[in-house]
$ cat input38.tsv   # TSV, C-alpha atoms
chain	number	residue	atom	x	y	z
A	22	MET	CA	-112.69	154.94	-58.05
A	23	GLN	CA	-113.61	157.24	-55.23
A	24	ALA	CA	-117.15	157.59	-56.63
A	25	ARG	CA	-117.50	153.86	-57.39
A	26	CYS	CA	-115.91	152.43	-54.19
A	27	ALA	CA	-116.89	155.30	-51.94
A	28	PHE	CA	-113.34	155.49	-50.51
A	29	ALA	CA	-112.20	158.54	-48.66
A	30	PRO	CA	-109.21	160.42	-50.07
A	31	LYS	CA	-107.03	159.41	-47.11
A	32	THR	CA	-107.84	155.79	-47.67
A	33	LEU	CA	-106.90	156.01	-51.29
A	34	ALA	CA	-103.62	157.70	-50.44
A	35	ALA	CA	-102.74	154.99	-47.95
A	36	LEU	CA	-103.62	152.26	-50.43
A	37	GLY	CA	-101.42	153.88	-53.03
A	38	VAL	CA	-98.46	153.98	-50.64
A	39	VAL	CA	-98.91	150.30	-49.87
A	40	LEU	CA	-98.95	149.40	-53.54
A	41	VAL	CA	-95.80	151.39	-54.20
A	42	LEU	CA	-93.96	149.67	-51.33
A	43	ALA	CA	-95.13	146.26	-52.57
A	44	VAL	CA	-93.88	146.93	-56.06
A	45	GLY	CA	-90.54	148.16	-54.71
A	46	LEU	CA	-90.05	145.04	-52.60
A	47	ALA	CA	-90.89	142.78	-55.54
A	48	VAL	CA	-88.41	144.52	-57.77
A	49	GLN	CA	-85.67	144.32	-55.11
A	50	HIS	CA	-86.35	140.60	-54.55
A	51	PHE	CA	-86.24	139.87	-58.26
A	52	TRP	CA	-83.00	141.81	-58.69
A	53	SER	CA	-81.19	140.08	-55.81
A	54	GLY	CA	-82.26	136.61	-56.99
A	55	ARG	CA	-81.04	136.95	-60.57
A	56	PRO	CA	-78.29	134.48	-61.65
A	57	GLN	CA	-74.74	135.84	-61.52
A	58	ALA	CA	-71.61	134.64	-63.26
A	59	VAL	CA	-69.11	133.02	-60.90
A	60	ARG	CA	-65.39	133.52	-61.62
A	61	ALA	CA	-63.21	130.47	-61.30
A	62	PRO	CA	-60.39	130.85	-58.74
A	63	GLU	CA	-56.92	131.36	-60.12
A	64	VAL	CA	-54.47	128.51	-59.78
A	65	VAL	CA	-51.38	129.65	-57.90
A	66	GLU	CA	-48.30	127.88	-59.15
A	67	GLY	CA	-45.56	127.26	-56.65
A	68	ARG	CA	-43.05	124.74	-55.39
A	69	PRO	CA	-44.47	121.66	-53.74
A	70	ALA	CA	-44.22	121.60	-50.00
A	71	ALA	CA	-41.11	119.86	-48.80
A	72	VAL	CA	-41.86	116.45	-47.35
A	73	GLU	CA	-40.00	115.88	-44.16
A	74	PRO	CA	-38.15	112.58	-44.20
A	75	GLN	CA	-39.62	110.02	-41.87
A	76	PRO	CA	-37.14	108.73	-39.28
A	77	GLN	CA	-36.08	105.21	-40.10
A	78	PRO	CA	-36.63	102.74	-37.27
A	79	GLN	CA	-33.37	101.76	-35.71
A	80	SER	CA	-32.61	98.11	-36.05
A	81	GLN	CA	-32.26	96.22	-32.85
A	82	PRO	CA	-28.67	95.13	-32.18
A	83	GLN	CA	-28.36	91.42	-32.73
A	84	PRO	CA	-26.72	89.55	-29.84
A	85	SER	CA	-23.39	88.14	-30.74
A	86	PRO	CA	-23.44	84.36	-30.86
A	87	GLY	CA	-21.84	82.91	-27.80
A	88	PRO	CA	-19.72	79.82	-27.67
A	89	VAL	CA	-21.47	76.70	-28.81
A	90	PRO	CA	-22.27	74.67	-25.70
A	91	LYS	CA	-20.70	71.30	-25.62
A	92	GLU	CA	-23.00	68.35	-25.62
A	93	PRO	CA	-23.12	66.85	-22.17
A	94	GLN	CA	-21.39	63.53	-22.01
A	95	GLY	CA	-23.04	60.59	-20.40
A	96	ASP	CA	-22.28	59.83	-16.78
A	97	GLN	CA	-19.01	57.98	-16.45
A	98	ILE	CA	-16.95	56.51	-13.68
A	99	VAL	CA	-13.18	56.14	-13.49
A	100	VAL	CA	-11.73	52.94	-12.04
A	101	ASP	CA	-8.20	51.68	-11.56
A	102	VAL	CA	-7.73	48.08	-12.66
A	103	SER	CA	-4.43	46.62	-11.50
A	104	GLY	CA	-2.84	43.25	-10.97
A	105	LYS	CA	-2.76	40.37	-13.41
A	106	VAL	CA	-4.70	41.89	-16.31
A	107	ARG	CA	-3.51	42.55	-19.86
A	108	ARG	CA	-4.02	46.33	-19.80
A	109	PRO	CA	-3.77	47.60	-16.22
A	110	GLY	CA	-4.40	51.26	-15.54
A	111	ILE	CA	-7.14	53.86	-15.44
A	112	HIS	CA	-10.29	53.04	-17.38
A	113	ARG	CA	-13.43	55.09	-17.98
A	114	LEU	CA	-16.66	53.13	-17.90
A	115	PRO	CA	-20.35	54.05	-18.11
A	116	ALA	CA	-22.06	54.58	-14.79
A	117	GLY	CA	-23.62	51.35	-13.57
A	118	SER	CA	-20.78	49.17	-14.85
A	119	ARG	CA	-19.77	46.07	-12.93
A	120	VAL	CA	-16.48	44.42	-12.11
A	121	ALA	CA	-16.82	42.20	-15.18
A	122	ASP	CA	-16.98	45.33	-17.38
A	123	ALA	CA	-13.79	46.67	-15.78
A	124	LEU	CA	-11.98	43.37	-16.40
A	125	ARG	CA	-13.14	43.43	-20.02
A	126	ALA	CA	-11.89	47.00	-20.44
A	127	ALA	CA	-8.52	45.93	-19.03
A	128	GLY	CA	-8.19	43.17	-21.61
A	129	GLY	CA	-9.18	40.31	-19.36
A	130	ILE	CA	-7.34	38.31	-16.70
A	131	LYS	CA	-3.93	36.91	-17.54
A	132	GLY	CA	-3.52	33.15	-17.87
A	133	ALA	CA	-4.81	30.95	-15.08
A	134	THR	CA	-4.93	33.64	-12.40
A	135	ASP	CA	-7.18	32.72	-9.51
A	136	ALA	CA	-9.95	35.37	-9.41
A	137	SER	CA	-12.37	33.47	-7.21
A	138	GLY	CA	-12.24	36.28	-4.64
A	139	LEU	CA	-13.68	38.79	-7.14
A	140	ASN	CA	-17.40	39.37	-7.29
A	141	ARG	CA	-17.74	40.08	-11.01
A	142	ALA	CA	-21.38	41.08	-10.66
A	143	ARG	CA	-20.65	43.86	-8.15
A	144	LEU	CA	-21.48	47.42	-9.19
A	145	LEU	CA	-18.49	49.73	-9.44
A	146	MET	CA	-18.17	53.16	-7.87
A	147	ASP	CA	-16.24	56.15	-9.19
A	148	GLY	CA	-12.59	56.14	-8.07
A	149	GLU	CA	-12.59	52.48	-7.09
A	150	GLN	CA	-9.60	50.16	-7.49
A	151	VAL	CA	-9.99	46.59	-8.73
A	152	VAL	CA	-7.05	44.33	-7.91
A	153	VAL	CA	-6.75	41.00	-9.74
A	154	GLY	CA	-4.52	38.25	-8.37
A	155	GLY	CA	-2.42	40.57	-6.24
A	156	PRO	CA	-2.35	41.99	-2.72
A	157	LEU	CA	-5.67	43.47	-1.76
A	158	PRO	CA	-5.96	47.17	-0.91
A	159	PRO	CA	-5.36	47.98	2.79
A	160	GLY	CA	-8.32	47.10	4.96
A	161	THR	CA	-9.87	44.65	2.47
A	162	ALA	CA	-10.66	41.22	3.76
A	163	ALA	CA	-8.52	38.46	2.32
A	164	PRO	CA	-10.32	35.61	0.51
A	165	GLY	CA	-10.97	32.46	2.48
A	166	GLY	CA	-7.84	30.30	2.85
A	167	ALA	CA	-5.43	33.00	1.65
A	168	GLY	CA	-2.56	34.08	3.93
A	169	GLY	CA	-1.99	32.94	7.49
A	170	GLY	CA	-4.39	32.67	10.36
A	171	ALA	CA	-7.82	31.14	10.39
A	172	PRO	CA	-9.43	30.49	7.01
A	173	GLY	CA	-11.60	33.45	5.97
A	174	ALA	CA	-10.60	35.55	8.99
A	175	PRO	CA	-10.49	39.28	8.15
A	176	THR	CA	-7.07	40.95	8.37
A	177	GLY	CA	-8.55	44.45	8.88
A	178	PRO	CA	-11.78	46.41	8.42
A	179	VAL	CA	-13.91	44.61	5.86
A	180	SER	CA	-14.93	46.64	2.81
A	181	LEU	CA	-18.70	46.59	2.47
A	182	ASN	CA	-18.32	47.33	-1.26
A	183	THR	CA	-15.90	44.52	-2.13
A	184	ALA	CA	-16.37	41.76	0.44
A	185	THR	CA	-18.03	38.52	-0.61
A	186	VAL	CA	-20.77	36.72	1.28
A	187	GLU	CA	-18.16	34.37	2.75
A	188	GLN	CA	-16.02	37.28	3.98
A	189	LEU	CA	-19.00	39.06	5.53
A	190	ASP	CA	-20.00	35.81	7.21
A	191	THR	CA	-16.80	35.95	9.29
A	192	LEU	CA	-17.94	39.14	11.04
A	193	PRO	CA	-19.36	38.71	14.55
A	194	GLY	CA	-23.14	38.38	14.55
A	195	VAL	CA	-23.35	38.10	10.75
A	196	GLY	CA	-24.50	34.78	9.32
A	197	PRO	CA	-24.96	33.68	5.70
A	198	VAL	CA	-28.46	35.17	5.49
A	199	LEU	CA	-27.48	38.59	6.84
A	200	ALA	CA	-24.34	38.60	4.70
A	201	GLN	CA	-26.51	38.01	1.64
A	202	HIS	CA	-28.78	40.90	2.71
A	203	ILE	CA	-25.72	43.17	2.82
A	204	VAL	CA	-24.65	42.10	-0.69
A	205	ASP	CA	-28.20	42.53	-2.01
A	206	TYR	CA	-28.42	46.05	-0.57
A	207	ARG	CA	-25.06	46.87	-2.14
A	208	SER	CA	-26.21	45.70	-5.56
A	209	GLN	CA	-29.54	47.54	-5.38
A	210	HIS	CA	-28.11	50.89	-4.23
A	211	GLY	CA	-24.83	50.95	-6.15
A	212	GLY	CA	-22.65	50.30	-3.14
A	213	PHE	CA	-22.18	51.76	0.33
A	214	ARG	CA	-21.16	55.41	0.56
A	215	SER	CA	-20.76	55.34	4.31
A	216	VAL	CA	-20.76	52.81	7.12
A	217	GLY	CA	-23.94	54.44	8.45
A	218	GLU	CA	-25.90	52.99	5.52
A	219	LEU	CA	-25.44	49.59	7.14
A	220	ARG	CA	-28.35	50.53	9.44
A	221	GLU	CA	-30.69	50.35	6.43
A	222	VAL	CA	-29.92	46.68	5.76
A	223	ASP	CA	-32.70	44.36	6.83
A	224	GLY	CA	-31.70	42.52	10.03
A	225	ILE	CA	-29.17	45.04	11.41
A	226	GLY	CA	-30.34	46.88	14.50
A	227	ASP	CA	-28.62	49.47	16.64
A	228	ARG	CA	-26.82	46.94	18.83
A	229	ARG	CA	-25.50	44.87	15.92
A	230	PHE	CA	-24.49	48.04	14.09
A	231	SER	CA	-22.47	49.22	17.08
A	232	ASP	CA	-20.62	45.87	17.08
A	233	LEU	CA	-19.92	45.97	13.32
A	234	GLN	CA	-19.06	49.67	12.98
A	235	PRO	CA	-15.37	49.41	13.96
A	236	LEU	CA	-14.91	46.27	11.85
A	237	VAL	CA	-16.15	47.52	8.47
A	238	ARG	CA	-15.58	50.36	6.04
A	239	PRO	CA	-17.36	51.51	2.84

$ encode --input "input38.tsv" --output "structure tokens"
Amino acid sequence: MQARCAFAPKTLAALGVVLVLAVGLAVQHFWSGRPQAVRAPEVVEGRPAAVEPQPQPQSQPQPSPGPVPKEPQGDQIVVDVSGKVRRPGIHRLPAGSRVADALRAAGGIKGATDASGLNRARLLMDGEQVVVGGPLPPGTAAPGGAGGGAPGAPTGPVSLNTATVEQLDTLPGVGPVLAQHIVDYRSQHGGFRSVGELREVDGIGDRRFSDLQPLVRP
């Protein structure tokens, strides 16, 4: 090869070393890349891991049932019906009842009792007394022609809640028209709760109110 290729001895020696190294590297690469048997891992038998119990959610305490609320009763008024009726006494009536309803609850008027002084269409108020054919409550105007004195003259403070148009007409400065206004106001507002409400009646000014104030009551 030296004669044919004209290589120097040193060059040939170096070439031989390179070839040897190349062969060694190829052999090492082939050896490391060969397939190898893989051993399956051993199964280790043992007790299963203990599962910690999950805390149970605490139930919310149920509120104890309270007392069953009573159903509200409708508005009622209590009136005292006395005098010449079949069932005198205390009677409970629905709010907005009138004198006629109180007489009906008391069984009606006895016999031929004169009840012309009663305004049966008047609205009743809670705690009121209805007297039939007997002495009127203190301070209530007597019906016209009853008792002594001038016919229809009041015997004391006139009740704005029970007086008739004729009885109101006897008050100073009150004529039939103004008396009717007072009765109409009483019917529309369920009665007078104070004498001061008389100012709200159409036709009664400050001066007339000052004259009527000591002569009337609710």

$ closest_residue --input "input38.tsv" --among "A:Ser137, A:Thr32, A:Ser103, A:Ser180" --to "A:Arg238" --atoms "all atoms listed in the file"
A:Ser180

$ atom_distance --input "input38.tsv" --atom1 "atom CA of A:Asp227" --atom2 "atom CA of A:Ser208"
22.6 Å

$ closest_residue --input "input38.tsv" --among "A:Ile225, A:Leu33, A:Leu42, A:Val216" --to "A:Val195" --atoms "all atoms listed in the file"
A:Ile225

$ closest_residue --input "input38.tsv" --among "A:Arg229, A:His202, A:Lys131, A:Lys31" --to "A:Gly104" --atoms "all atoms listed in the file"
A:Lys131

$ residues_around --input "input38.tsv" --residues "stretch 114-121 of chain A" --least-positions-apart "6" --cutoff "7 Å" --atoms "only C-alpha atoms" --output "list of chain:residue names"
A:Asp96, A:Gln97, A:Ile98, A:Val99, A:Arg141, A:Ala142, A:Arg143, A:Leu144, A:Leu145

$ atom_distance --input "input38.tsv" --atom1 "atom CA of A:Lys105" --atom2 "atom CA of A:Thr134"
7.1 Å

$ residues_around --input "input38.tsv" --residues "A:His112" --least-positions-apart "5" --cutoff "9 Å" --atoms "all atoms listed in the file" --output "ChimeraX atom specification"
/A:98-102,123,126-127
